[in-house]
Every structure is written in C-alpha cells, then in structure tokens.
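Trainee: I am attaching a structure below and will ask some questions about it afterwards.
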Amino acid sequence: MKLLKIAFKSAANRKTGLILASCSIALSIMLLLVVDTIRKQGKSSFINTISQTDLVVGARSGPLNLLMYSVFRIGNATNNVSWKSYQDIAELAETKWTVPLSLGDSHKGFRVLGTNTDYFKYYRFAGGKNLAFAEGKQFDDLYDAVLGSQVAKKLKYKLGDKITLAHGLQSTKFSEHGDKPFRVAGILEQTGTPVDQTVHVSLQAIEAIHIDWQSGTPSPIKISADKARNMQLEPKTITAFMLGLKNRTATFRMQRKINEYRAEPLLAILPGSTLAILWNTLGNFEKILVAIAFLVLLSGLLGMLTTLLSTLNERRREMAILRTVGAHAWHIISLFLLEAFMVVSAGCVLGVIASYLVQLIAQPILVKLYGIHIHIMFPDTEQWAIIIGALLLGLFFSLLPGLIAYRRSLQDGLTLKV
C-alpha cells in the first residue's frame with residue numbers, strides 16, 4: 001500500500017504528461033474497438049445482404065459472378081434463363097416460392113430490376129427483416145415503379161413523379177424508353193443493401209418497354225404505351241431467380257438437380273456461403289484496418305514509454321532517496337510498473353467509454369446517410385483480450401525505464417546529496 005501511495009503521489013507531480021499519455025492510449029483503444037466492431041458487424045451485414053433465400057439460380061457461369069449481378073447488381077449475366085425453365089423449377093414439389101429477376105435497364109445510373117410482387121413478400125435481409133415502404137405501395141399498374149431509398153433521396157423523387165427508364169447501363173436519348181414513362185408508386189425504407197440503389201418495376205413492364213425494340217435497338221414501328229397494355233407481355237427470358245424450399249434439408253439435393261438440369265445449363269448457388277467466400281476474398285482489406293488500429297495502439301504505448309523515459313533525469317534524486325532508505329530493486333521497478341498500470345488502465349477505461357459513445361452517436365448517422373445498421377455493444381471476449389493485452393504490453397514497456405532508474409540509483413545513492 002505504501003508503494004502504491006508513493007506511485008500515486010509521484011504520478012501526481014507529473015500529471016500533465018501522464019494524462020496526455022493516458023488520453024493517447026484511450027484514443028488508440030477507442031479506435032481499435034470501433035474498427036473491430038465495425039469490421040465484425042460489417043461482415044455480418046454483408047453476409048446478411050440476402051437471407052432466408054435457399055438458392056439463387058442463373059445461367060451457368062461462376063458462383064461469384066452470379067452473386068454479383070443478381071444480388072449486388074454489379075456486372076451482367078453471361079446468358080439468360082428461359083421462362084419455361086423458370087416455370088418448370090418453380091413447379092417442382094420441393095419448391096415453396098420463387099422470385100424472378102430481370103436486369104439490363106437503368107435510370108440515371110441506378111439499376112432497374114424487373115420482378116413480381118413476391119419480391120416484396122419474400123426478400124429478406126439482415127437475418128430476416130422484410131422490405132418495408134416508407135411511402136406508397138408496391139406496383140399495381142403496368143407503368144408503376146418502386147424506388148429504393150437512395151434512388152429517391154439522391155434524385156429527389158416523391159410519389160407520383162414521372163420517370164423514364166433507359167436501355168442498358170448508359171442513359172442517352174437514343175437508349176431511353178421515353179414513350180413509356182413510369183410513375184413513382186412507392187419508396188422503400190432504407191435497408192443498407194443494394195435494394196436501396198434499385199428501381200423496381202414489374203416483369204410485364206420490362207416486356208412492354210422493349211416490345212418495339214429488336215436486338216437492342218428501337219424498331220421503326222413504334223407501339224404506344226396504351227397499346228402495349230393489351231399485348232402479350234409474358235417474358236421469354238429472365239436474368240436469374242431466387243428460390244425458397246419447403247424443407248431446407250433438401251437444399252443440396254435441389255442444388256444438384258438444378259446444376260444437372262438438361263433443358264439448359266443452369267447454376268444454383270447458396271447465397272450465404274457464396275457471400276462468405278466473397279468476404280474472404282476481401283480479407284486483406286479487413287486485415288489492413290486491424291493492423292492500422294494496432295499500430296495506433298502501439299504508438300500510444302510508445303508515447304507513454306517516452307513520457308516515462310523523459311522524466312528519468314528529473315527523478316534521479318527521488319530514486320536515490322528511495323535506495324538510501326532501503327528500497328530494493330523490485331521496489332524501484334514496481335514503482336514504474338504501478339505508474340504504467342494507472343496510465344494504461346485509465347486509458348483503457350476511457351477508451352471503452354469513448355467507443356460506446358462513438359457507436360451511440362454514429363448509429364443514427366450511418367442509418368440516415370448510408371442505411372448501415374450497427375448494434376451498440378460493449379467489448380466482446382476478443383476485444384477484452386485485446387484490452388488485457390494492451391495493459392500487459394504497457395507494463396512490459398515500463399520495465400525499461402524501471403531498469404534504467406534502478407541502475408542509475410545504484411550510482412546516485414552514493415554520489416547525490418540527500
């Protein structure tokens with residue numbers, strides 16, 4: 001207890017430098033915890049971009065390619081799936097529901113997705129959340145459109161506004177379907193998924209806007225929007241489709257059956273496992289974030305070591321006095337260990353509190369600006385291990401000034417006047 005009292009009083013005499021060192025460690029711990037929390041929740045959110053969908057089916061290519069264009073709306077399909085094949089698989093005894101997906105058009109840089117109303121019923125994200133409407137409702141009329149939250153926000157659309165779709169991903173006057181405008185019927189709430197960046201229309205609407213197009217170019221014979229309503233609008237092909245099963249134990253059997261489908265080459269993937277594979281390919285970026293956070297923590301501990309070393313000359317008389325009154329080597333070293341413990345433990349406590357406050361402040365901002373949902377959490381087991389490791393590393397660093405002070409005190413005890 002006496003040694004602790006001496007350590008506390010000694011630290012109080014140099015409180016400015018030690019407080020700054022403690023604050024530096026607190027900032028390091030806060031950054032490390034926040035980065036680790038965002039990393040873990042980012043991974044969970046990424047893997048849960050689509051959930052409770054057993055299989056995603058498209059033309060045979062690669063699993064990652066199919067995932068990217070069907071779920072993330074990035075890239076294009078190498079081929080389409082025939083409507084007949086889609087119907088045959090939808091009618092299998094194991095199938096509970098299917099949601100067709102038709103891609104290829106855009107609106108001012110945002111992808112257009114053709115689907116049916118089952119999309120709003122069965123699409124799940126973030127572990128099972130349903131799509132919800134911030135305004136309006138799903139499409140009823142042939143020329144109704146439902147906007148993702150970011151589409152409506154960035155383009156400042158509201159219910160009832162007229163929009164024009166474009167053929168392909170580049171919007172030009174030549175590619176626009178200007179003769180068949182759409183009306184904004186609904187705006188979805190934020191999800192933090194590619195849904196936010198998507199314009200949703202019906203499959204029949206996709207057929208209607210292309211009914212007077214041939215081989216990707218407009219036909220000389222124009223068909224009006226009203227006339228298109230009365231024409232055959234059943235699609236011949238779709239880009240991909242999502243599939244849910246009555247019994248999830250049949251997933252692998254159904255996947256094999258689709259992959260061996262003889263009518264045309266198809267590929268069925270498990271979205272969850274494929275998302276995990278994709279995340280692992282991005283693992284280097286994740287490791288870089290953690291490495292940067294650890295380097296910041298190391299710099300904070302080195303700052304504490306620098307503070308302790310810079311005061312050694314000022315404390316030579318103090319150490320000499322302790323030696324002359326009978327202090328042993330372990331007393332001198334323990335004095336520095338106790339000071340380091342106080343500085344690092346205070347920094348760790350402040351860092352944990354700061355990380356909680358940062359999460360509390362950032363949560364509504366991330367939801368509002370980016371649709372990213374994070375759960376506010378105190379350190380988990382791994383993070384507590386990191387904090388304890390930081391504390392032990394801080395104690396290890398304090399051994400150096402303790403040993404230097406002890407060696408000097410052996411000499412100063414005989415030469416300095418007390």
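Ligands are numbered from 1 in the order shown, residues from 1 within each chain, and chains are lettered A, B, ... in the order they appear in the structure tokens.
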Neighbouring residues of Gln255 of chain A were defined as those with any atom within 12 Å, considering only C-alpha atoms; residues of the same chain fewer than 6 positions away were excluded. Please report them as a PDB file with N, CA and C atoms, in the first residue's frame.
Mentor:
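Wrote result10.pdb, looks like this:
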```
ATOM      1  N   ASP A  54     -32.922 -19.824 -50.096  1.00  0.00           N
ATOM      2  CA  ASP A  54     -32.140 -21.059 -50.106  1.00  0.00           C
ATOM      3  C   ASP A  54     -31.190 -21.131 -51.290  1.00  0.00           C
ATOM      4  N   LEU A  55     -31.657 -20.719 -52.467  1.00  0.00           N
ATOM      5  CA  LEU A  55     -30.826 -20.793 -53.667  1.00  0.00           C
ATOM      6  C   LEU A  55     -31.054 -19.577 -54.550  1.00  0.00           C
ATOM      7  N   VAL A  56     -30.009 -19.174 -55.257  1.00  0.00           N
ATOM      8  CA  VAL A  56     -30.125 -18.195 -56.335  1.00  0.00           C
ATOM      9  C   VAL A  56     -29.715 -18.916 -57.613  1.00  0.00           C
ATOM     10  N   VAL A  57     -30.560 -18.836 -58.643  1.00  0.00           N
ATOM     11  CA  VAL A  57     -30.362 -19.616 -59.863  1.00  0.00           C
ATOM     12  C   VAL A  57     -30.190 -18.671 -61.044  1.00  0.00           C
ATOM     13  N   GLY A  58     -29.209 -18.966 -61.884  1.00  0.00           N
ATOM     14  CA  GLY A  58     -28.982 -18.202 -63.093  1.00  0.00           C
ATOM     15  C   GLY A  58     -28.333 -19.067 -64.150  1.00  0.00           C
ATOM     16  N   ILE A  89     -38.949 -25.285 -62.810  1.00  0.00           N
ATOM     17  CA  ILE A  89     -38.330 -25.383 -61.480  1.00  0.00           C
ATOM     18  C   ILE A  89     -39.277 -24.849 -60.404  1.00  0.00           C
ATOM     19  N   GLU A  94     -40.490 -29.709 -54.414  1.00  0.00           N
ATOM     20  CA  GLU A  94     -39.682 -29.177 -53.312  1.00  0.00           C
ATOM     21  C   GLU A  94     -39.768 -27.658 -53.193  1.00  0.00           C
ATOM     22  N   THR A  95     -40.199 -26.989 -54.261  1.00  0.00           N
ATOM     23  CA  THR A  95     -40.183 -25.522 -54.297  1.00  0.00           C
ATOM     24  C   THR A  95     -41.350 -24.928 -53.515  1.00  0.00           C
ATOM     25  N   LEU A 243     -34.977 -18.608 -54.921  1.00  0.00           N
ATOM     26  CA  LEU A 243     -35.798 -19.794 -54.704  1.00  0.00           C
ATOM     27  C   LEU A 243     -35.798 -20.166 -53.220  1.00  0.00           C
ATOM     28  N   GLY A 244     -36.990 -20.432 -52.701  1.00  0.00           N
ATOM     29  CA  GLY A 244     -37.133 -20.921 -51.331  1.00  0.00           C
ATOM     30  C   GLY A 244     -37.731 -22.310 -51.339  1.00  0.00           C
ATOM     31  N   LEU A 245     -37.303 -23.173 -50.424  1.00  0.00           N
ATOM     32  CA  LEU A 245     -37.735 -24.567 -50.392  1.00  0.00           C
ATOM     33  C   LEU A 245     -38.681 -24.835 -49.225  1.00  0.00           C
ATOM     34  N   ARG A 248     -35.649 -27.159 -45.866  1.00  0.00           N
ATOM     35  CA  ARG A 248     -34.291 -26.690 -46.130  1.00  0.00           C
ATOM     36  C   ARG A 248     -33.275 -27.828 -46.168  1.00  0.00           C
ATOM     37  N   THR A 249     -33.651 -28.980 -45.638  1.00  0.00           N
ATOM     38  CA  THR A 249     -32.740 -30.124 -45.707  1.00  0.00           C
ATOM     39  C   THR A 249     -32.560 -30.612 -47.141  1.00  0.00           C
ATOM     40  N   TYR A 261     -29.583 -29.809 -64.627  1.00  0.00           N
ATOM     41  CA  TYR A 261     -30.784 -29.598 -65.448  1.00  0.00           C
ATOM     42  C   TYR A 261     -30.429 -29.723 -66.928  1.00  0.00           C
ATOM     43  N   LEU A 266     -27.721 -24.441 -66.218  1.00  0.00           N
ATOM     44  CA  LEU A 266     -28.057 -23.530 -65.128  1.00  0.00           C
ATOM     45  C   LEU A 266     -27.084 -23.719 -63.973  1.00  0.00           C
ATOM     46  N   LEU A 267     -27.045 -22.728 -63.113  1.00  0.00           N
ATOM     47  CA  LEU A 267     -26.209 -22.786 -61.919  1.00  0.00           C
ATOM     48  C   LEU A 267     -27.026 -22.326 -60.723  1.00  0.00           C
ATOM     49  N   ALA A 268     -27.025 -23.118 -59.667  1.00  0.00           N
ATOM     50  CA  ALA A 268     -27.696 -22.751 -58.411  1.00  0.00           C
ATOM     51  C   ALA A 268     -26.631 -22.577 -57.333  1.00  0.00           C
ATOM     52  N   ILE A 269     -26.690 -21.483 -56.624  1.00  0.00           N
ATOM     53  CA  ILE A 269     -25.718 -21.215 -55.557  1.00  0.00           C
ATOM     54  C   ILE A 269     -26.439 -20.974 -54.239  1.00  0.00           C
ATOM     55  N   LEU A 270     -25.743 -21.272 -53.134  1.00  0.00           N
ATOM     56  CA  LEU A 270     -26.232 -20.933 -51.804  1.00  0.00           C
ATOM     57  C   LEU A 270     -25.731 -19.522 -51.498  1.00  0.00           C
ATOM     58  N   PRO A 271     -26.622 -18.548 -51.411  1.00  0.00           N
ATOM     59  CA  PRO A 271     -26.153 -17.159 -51.272  1.00  0.00           C
ATOM     60  C   PRO A 271     -25.312 -16.909 -50.029  1.00  0.00           C
TER      61      PRO A 271
END
```
Trainee: Identify, on the basis of only C-alpha atoms, every residue whose closest approach to Phe396 of chain A does not exceed 10 Å; exclude the query and any residue fewer than 3 positions from it along the same chain; express the result as an MDAnalysis selection string.
Mentor: chainID A and resid 305 337 340 390:393 399:400
Trainee: Could the residues in this selection be written to a file with all heavy atoms, as a tab-separated table (two decimals), in the first residue's frame?
Mentor:
```
chain	number	residue	atom	x	y	z
A	305	LEU	N	5.78	5.33	-22.92
A	305	LEU	CA	7.18	4.99	-22.64
A	305	LEU	C	8.07	6.22	-22.77
A	305	LEU	O	8.96	6.45	-21.92
A	305	LEU	CB	7.64	3.90	-23.61
A	305	LEU	CG	9.12	3.48	-23.55
A	305	LEU	CD1	9.46	2.93	-22.17
A	305	LEU	CD2	9.44	2.46	-24.63
A	337	LEU	N	6.09	0.13	-12.74
A	337	LEU	CA	5.00	-0.75	-13.18
A	337	LEU	C	3.65	-0.22	-12.71
A	337	LEU	O	2.66	-0.25	-13.45
A	337	LEU	CB	5.21	-2.18	-12.66
A	337	LEU	CG	6.34	-2.99	-13.30
A	337	LEU	CD1	6.52	-4.32	-12.58
A	337	LEU	CD2	6.04	-3.24	-14.79
A	340	ALA	N	2.70	2.81	-14.80
A	340	ALA	CA	2.25	2.38	-16.13
A	340	ALA	C	0.87	1.75	-16.05
A	340	ALA	O	0.02	1.98	-16.92
A	340	ALA	CB	3.25	1.39	-16.72
A	390	ALA	N	-3.17	-5.04	-24.22
A	390	ALA	CA	-2.62	-3.68	-24.21
A	390	ALA	C	-2.09	-3.32	-22.83
A	390	ALA	O	-1.03	-2.68	-22.69
A	390	ALA	CB	-3.70	-2.68	-24.63
A	391	LEU	N	-2.81	-3.76	-21.80
A	391	LEU	CA	-2.38	-3.49	-20.43
A	391	LEU	C	-1.06	-4.20	-20.12
A	391	LEU	O	-0.12	-3.60	-19.56
A	391	LEU	CB	-3.47	-3.95	-19.46
A	391	LEU	CG	-3.29	-3.61	-17.99
A	391	LEU	CD1	-3.18	-2.11	-17.79
A	391	LEU	CD2	-4.44	-4.16	-17.16
A	392	LEU	N	-0.96	-5.46	-20.53
A	392	LEU	CA	0.28	-6.22	-20.29
A	392	LEU	C	1.44	-5.63	-21.09
A	392	LEU	O	2.57	-5.57	-20.59
A	392	LEU	CB	0.06	-7.69	-20.66
A	392	LEU	CG	-0.93	-8.47	-19.79
A	392	LEU	CD1	-1.14	-9.88	-20.35
A	392	LEU	CD2	-0.44	-8.53	-18.34
A	393	LEU	N	1.16	-5.20	-22.31
A	393	LEU	CA	2.20	-4.60	-23.14
A	393	LEU	C	2.69	-3.29	-22.53
A	393	LEU	O	3.89	-2.98	-22.55
A	393	LEU	CB	1.66	-4.35	-24.55
A	393	LEU	CG	2.68	-3.98	-25.64
A	393	LEU	CD1	3.73	-5.08	-25.80
A	393	LEU	CD2	1.98	-3.74	-26.97
A	399	LEU	N	9.04	-1.65	-17.98
A	399	LEU	CA	10.22	-2.30	-17.39
A	399	LEU	C	11.50	-1.58	-17.77
A	399	LEU	O	12.44	-1.51	-16.97
A	399	LEU	CB	10.28	-3.77	-17.85
A	399	LEU	CG	9.28	-4.73	-17.22
A	399	LEU	CD1	9.39	-6.10	-17.87
A	399	LEU	CD2	9.51	-4.84	-15.71
A	400	LEU	N	11.56	-1.04	-18.99
A	400	LEU	CA	12.77	-0.37	-19.46
A	400	LEU	C	13.12	0.83	-18.60
A	400	LEU	O	14.25	0.91	-18.07
A	400	LEU	CB	12.62	0.03	-20.93
A	400	LEU	CG	13.80	0.78	-21.55
A	400	LEU	CD1	15.07	-0.08	-21.49
A	400	LEU	CD2	13.49	1.18	-23.00
```
Trainee: Write out as a tab-separated table a residue-level contact list of segment 120-173 of chain A versus segment 215-236 of chain A with cut-off 10 Å: for each qualifying residue the closest pair of atoms and the distance in Å to one decimal, counting only C-alpha atoms, rows sorted by chain and residue number upward.
Mentor:
```
residue	atom	partner	partner_atom	distance
A:Asp141	CA	A:Arg229	CA	9.9
A:Leu142	CA	A:Arg229	CA	7.3
A:Tyr143	CA	A:Ala225	CA	8.8
A:His167	CA	A:Gly216	CA	7.8
A:Gly168	CA	A:Gly216	CA	8.7
```
Trainee: Find the distance between atom CA of Gly136 of chain A and atom CA of Ser175 of chain A and write it in Å to one decimal.
Mentor: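 Atom CA of Gly136 of chain A sits 28.6 Å away from atom CA of Ser175 of chain A.
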Trainee: By how many Å are atom CA of Gly62 of chain A and atom CA of Trp97 of chain A apart?
Mentor: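 Spanning atom CA of Gly62 of chain A to atom CA of Trp97 of chain A is a straight-line distance of 23.9 Å.
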Trainee: As a short mmCIF file (atom, residue, chain, number, x, y, z; two decimals) with N, CA and C atoms, in the first residue's frame, please: every residue in segment 7-227 of chain A that DSSP puts in helix (DSSP H, G or I).
Mentor:
```cif
data_model
loop_
_atom_site.label_atom_id
_atom_site.label_comp_id
_atom_site.auth_asym_id
_atom_site.auth_seq_id
_atom_site.Cartn_x
_atom_site.Cartn_y
_atom_site.Cartn_z
N ALA A 7 3.68 5.78 -5.56
CA ALA A 7 3.49 5.82 -7.01
C ALA A 7 2.44 6.85 -7.40
N PHE A 8 1.36 6.91 -6.62
CA PHE A 8 0.29 7.85 -6.94
C PHE A 8 0.77 9.29 -6.78
N LYS A 9 1.50 9.57 -5.68
CA LYS A 9 2.00 10.93 -5.46
C LYS A 9 3.04 11.31 -6.49
N SER A 10 3.89 10.34 -6.85
CA SER A 10 4.91 10.60 -7.87
C SER A 10 4.26 10.93 -9.22
N ALA A 11 3.21 10.16 -9.57
CA ALA A 11 2.50 10.40 -10.82
C ALA A 11 1.79 11.75 -10.79
N ALA A 12 1.27 12.14 -9.60
CA ALA A 12 0.56 13.41 -9.47
C ALA A 12 1.48 14.60 -9.75
N ASN A 13 2.77 14.44 -9.42
CA ASN A 13 3.73 15.51 -9.68
C ASN A 13 4.00 15.69 -11.17
N LYS A 15 1.54 14.94 -13.58
CA LYS A 15 0.21 14.58 -14.07
C LYS A 15 -0.05 15.02 -15.51
N THR A 16 0.48 16.15 -15.92
CA THR A 16 0.18 16.65 -17.27
C THR A 16 0.64 15.67 -18.34
N GLY A 17 1.90 15.26 -18.25
CA GLY A 17 2.44 14.33 -19.25
C GLY A 17 1.75 12.98 -19.21
N LEU A 18 1.47 12.48 -17.99
CA LEU A 18 0.84 11.17 -17.87
C LEU A 18 -0.62 11.19 -18.32
N ILE A 19 -1.31 12.30 -18.06
CA ILE A 19 -2.70 12.42 -18.52
C ILE A 19 -2.75 12.42 -20.05
N LEU A 20 -1.81 13.15 -20.67
CA LEU A 20 -1.75 13.16 -22.13
C LEU A 20 -1.45 11.76 -22.67
N ALA A 21 -0.54 11.04 -22.00
CA ALA A 21 -0.23 9.67 -22.42
C ALA A 21 -1.45 8.77 -22.27
N SER A 22 -2.18 8.96 -21.17
CA SER A 22 -3.40 8.16 -20.94
C SER A 22 -4.46 8.47 -22.00
N CYS A 23 -4.59 9.75 -22.36
CA CYS A 23 -5.57 10.13 -23.39
C CYS A 23 -5.17 9.54 -24.75
N SER A 24 -3.87 9.51 -25.02
CA SER A 24 -3.40 8.92 -26.27
C SER A 24 -3.75 7.44 -26.33
N ILE A 25 -3.56 6.74 -25.22
CA ILE A 25 -3.92 5.32 -25.17
C ILE A 25 -5.43 5.15 -25.28
N ALA A 26 -6.19 6.04 -24.67
CA ALA A 26 -7.66 5.98 -24.75
C ALA A 26 -8.13 6.11 -26.19
N LEU A 27 -7.54 7.06 -26.93
CA LEU A 27 -7.89 7.22 -28.34
C LEU A 27 -7.53 5.98 -29.15
N SER A 28 -6.38 5.38 -28.82
CA SER A 28 -5.95 4.18 -29.52
C SER A 28 -6.91 3.02 -29.25
N ILE A 29 -7.28 2.83 -27.98
CA ILE A 29 -8.22 1.75 -27.62
C ILE A 29 -9.56 1.99 -28.27
N MET A 30 -10.02 3.26 -28.25
CA MET A 30 -11.31 3.59 -28.87
C MET A 30 -11.29 3.24 -30.36
N LEU A 31 -10.22 3.66 -31.06
CA LEU A 31 -10.12 3.38 -32.49
C LEU A 31 -10.09 1.88 -32.76
N LEU A 32 -9.32 1.16 -31.95
CA LEU A 32 -9.20 -0.29 -32.13
C LEU A 32 -10.55 -0.97 -31.93
N LEU A 33 -11.29 -0.58 -30.88
CA LEU A 33 -12.58 -1.20 -30.60
C LEU A 33 -13.62 -0.84 -31.66
N VAL A 34 -13.63 0.42 -32.07
CA VAL A 34 -14.61 0.85 -33.08
C VAL A 34 -14.34 0.16 -34.42
N VAL A 35 -13.06 0.11 -34.82
CA VAL A 35 -12.72 -0.56 -36.08
C VAL A 35 -13.09 -2.04 -36.02
N ASP A 36 -12.78 -2.69 -34.91
CA ASP A 36 -13.09 -4.12 -34.77
C ASP A 36 -14.59 -4.36 -34.77
N THR A 37 -15.34 -3.47 -34.09
CA THR A 37 -16.80 -3.62 -34.06
C THR A 37 -17.40 -3.43 -35.44
N ILE A 38 -16.98 -2.38 -36.15
CA ILE A 38 -17.49 -2.13 -37.50
C ILE A 38 -17.10 -3.26 -38.44
N ARG A 39 -15.87 -3.78 -38.26
CA ARG A 39 -15.41 -4.89 -39.10
C ARG A 39 -16.30 -6.12 -38.92
N LYS A 40 -16.59 -6.45 -37.67
CA LYS A 40 -17.41 -7.64 -37.39
C LYS A 40 -18.85 -7.44 -37.84
N GLN A 41 -19.40 -6.26 -37.54
CA GLN A 41 -20.78 -6.02 -37.92
C GLN A 41 -20.90 -5.81 -39.42
N GLY A 42 -19.85 -5.24 -40.03
CA GLY A 42 -19.84 -5.11 -41.49
C GLY A 42 -19.87 -6.48 -42.15
N LYS A 43 -19.11 -7.41 -41.62
CA LYS A 43 -19.09 -8.77 -42.16
C LYS A 43 -20.46 -9.41 -42.01
N SER A 44 -21.06 -9.25 -40.81
CA SER A 44 -22.39 -9.82 -40.57
C SER A 44 -23.42 -9.21 -41.50
N SER A 45 -23.36 -7.87 -41.65
CA SER A 45 -24.31 -7.19 -42.54
C SER A 45 -24.11 -7.61 -43.99
N PHE A 46 -22.84 -7.77 -44.40
CA PHE A 46 -22.52 -8.17 -45.77
C PHE A 46 -23.09 -9.56 -46.06
N ILE A 47 -22.85 -10.49 -45.13
CA ILE A 47 -23.31 -11.86 -45.33
C ILE A 47 -24.83 -11.94 -45.28
N PRO A 63 -19.99 -18.90 -59.51
CA PRO A 63 -20.81 -18.54 -58.35
C PRO A 63 -20.71 -17.07 -57.98
N LEU A 64 -19.49 -16.52 -57.98
CA LEU A 64 -19.32 -15.11 -57.59
C LEU A 64 -19.93 -14.18 -58.62
N ASN A 65 -19.80 -14.51 -59.90
CA ASN A 65 -20.40 -13.69 -60.96
C ASN A 65 -21.92 -13.66 -60.82
N LEU A 66 -22.51 -14.83 -60.59
CA LEU A 66 -23.97 -14.92 -60.42
C LEU A 66 -24.41 -14.11 -59.20
N LEU A 67 -23.65 -14.22 -58.11
CA LEU A 67 -23.98 -13.48 -56.90
C LEU A 67 -23.89 -11.98 -57.14
N MET A 68 -22.84 -11.54 -57.84
CA MET A 68 -22.61 -10.11 -58.03
C MET A 68 -23.73 -9.46 -58.83
N TYR A 69 -24.16 -10.09 -59.92
CA TYR A 69 -25.18 -9.39 -60.72
C TYR A 69 -26.59 -9.61 -60.19
N SER A 70 -26.86 -10.73 -59.55
CA SER A 70 -28.22 -10.99 -59.08
C SER A 70 -28.52 -10.32 -57.74
N TRP A 83 -37.89 -18.64 -69.69
CA TRP A 83 -39.09 -18.57 -68.84
C TRP A 83 -39.64 -19.97 -68.58
N LYS A 84 -39.53 -20.86 -69.55
CA LYS A 84 -40.03 -22.22 -69.39
C LYS A 84 -39.23 -22.97 -68.31
N SER A 85 -37.91 -22.81 -68.32
CA SER A 85 -37.09 -23.45 -67.29
C SER A 85 -37.44 -22.91 -65.91
N TYR A 86 -37.64 -21.60 -65.84
CA TYR A 86 -38.04 -20.99 -64.57
C TYR A 86 -39.36 -21.58 -64.08
N GLN A 87 -40.34 -21.71 -64.95
CA GLN A 87 -41.63 -22.25 -64.56
C GLN A 87 -41.53 -23.72 -64.16
N ASP A 88 -40.70 -24.48 -64.88
CA ASP A 88 -40.54 -25.91 -64.55
C ASP A 88 -39.96 -26.08 -63.14
N ILE A 89 -38.95 -25.28 -62.81
CA ILE A 89 -38.33 -25.38 -61.48
C ILE A 89 -39.28 -24.85 -60.40
N ALA A 90 -40.04 -23.80 -60.74
CA ALA A 90 -41.00 -23.24 -59.78
C ALA A 90 -42.10 -24.24 -59.43
N ASP A 118 -44.07 -10.87 -55.44
CA ASP A 118 -43.50 -11.79 -54.45
C ASP A 118 -42.15 -11.31 -53.95
N TYR A 119 -41.50 -10.47 -54.71
CA TYR A 119 -40.22 -9.89 -54.30
C TYR A 119 -40.37 -9.16 -52.97
N PHE A 120 -41.42 -8.37 -52.83
CA PHE A 120 -41.65 -7.61 -51.60
C PHE A 120 -42.11 -8.51 -50.46
N LYS A 121 -42.58 -9.69 -50.79
CA LYS A 121 -43.06 -10.64 -49.78
C LYS A 121 -41.94 -11.53 -49.26
N TYR A 122 -41.05 -11.97 -50.14
CA TYR A 122 -40.08 -12.99 -49.76
C TYR A 122 -38.64 -12.49 -49.62
N SER A 149 -34.51 3.52 -51.36
CA SER A 149 -34.42 4.77 -50.59
C SER A 149 -33.36 5.72 -51.15
N GLN A 150 -32.21 5.19 -51.56
CA GLN A 150 -31.14 6.07 -52.06
C GLN A 150 -31.48 6.66 -53.43
N VAL A 151 -32.21 5.92 -54.24
CA VAL A 151 -32.64 6.46 -55.54
C VAL A 151 -33.53 7.68 -55.33
N ALA A 152 -34.52 7.52 -54.44
CA ALA A 152 -35.45 8.62 -54.17
C ALA A 152 -34.73 9.81 -53.54
N LYS A 153 -33.78 9.52 -52.64
CA LYS A 153 -33.09 10.59 -51.93
C LYS A 153 -32.17 11.37 -52.86
N LYS A 154 -31.35 10.67 -53.63
CA LYS A 154 -30.35 11.34 -54.47
C LYS A 154 -30.98 12.07 -55.65
N LEU A 155 -32.07 11.51 -56.18
CA LEU A 155 -32.73 12.15 -57.33
C LEU A 155 -33.91 13.01 -56.92
N PRO A 194 -28.14 -3.48 -51.62
CA PRO A 194 -28.31 -2.95 -52.98
C PRO A 194 -29.76 -2.60 -53.34
N VAL A 195 -30.71 -3.04 -52.55
CA VAL A 195 -32.12 -2.68 -52.78
C VAL A 195 -32.28 -1.16 -52.78
N ASP A 196 -31.50 -0.49 -51.92
CA ASP A 196 -31.60 0.98 -51.81
C ASP A 196 -31.21 1.69 -53.10
N GLN A 197 -30.40 1.02 -53.94
CA GLN A 197 -29.90 1.63 -55.16
C GLN A 197 -30.63 1.13 -56.40
N LEU A 203 -42.20 -7.44 -64.22
CA LEU A 203 -41.67 -8.14 -65.39
C LEU A 203 -42.41 -7.74 -66.66
N GLN A 204 -43.72 -7.54 -66.53
CA GLN A 204 -44.53 -7.14 -67.69
C GLN A 204 -44.13 -5.76 -68.19
N ALA A 205 -43.72 -4.88 -67.25
CA ALA A 205 -43.27 -3.54 -67.64
C ALA A 205 -41.98 -3.62 -68.45
N ILE A 206 -41.09 -4.53 -68.04
CA ILE A 206 -39.84 -4.73 -68.80
C ILE A 206 -40.16 -5.18 -70.23
N GLU A 207 -41.13 -6.07 -70.37
CA GLU A 207 -41.52 -6.53 -71.70
C GLU A 207 -42.17 -5.40 -72.49
N ALA A 208 -42.98 -4.58 -71.82
CA ALA A 208 -43.71 -3.50 -72.51
C ALA A 208 -42.76 -2.47 -73.10
N ILE A 209 -41.71 -2.09 -72.35
CA ILE A 209 -40.82 -1.05 -72.86
C ILE A 209 -39.89 -1.57 -73.96
N ALA A 225 -47.63 3.33 -75.44
CA ALA A 225 -47.73 2.77 -74.09
C ALA A 225 -49.09 2.13 -73.85
N ASP A 226 -50.17 2.78 -74.33
CA ASP A 226 -51.51 2.23 -74.13
C ASP A 226 -51.72 0.95 -74.93
N LYS A 227 -51.21 0.93 -76.15
CA LYS A 227 -51.36 -0.26 -76.98
C LYS A 227 -50.59 -1.44 -76.40
#
```
Trainee: I'd like to know which of A:Leu297, A:Ala250, A:Ala134, A:Ile163 is closest to Leu188 of chain A, using only C-alpha atoms.
Mentor: A:Ala134
Trainee: For each of A:Gly178, A:Gly127, A:Pro265, A:Gly148, take the minimum atom-to-atom distance to Asn79 of chain A, counting only C-alpha atoms, then give the residue where this is smallest.
Mentor: A:Pro265
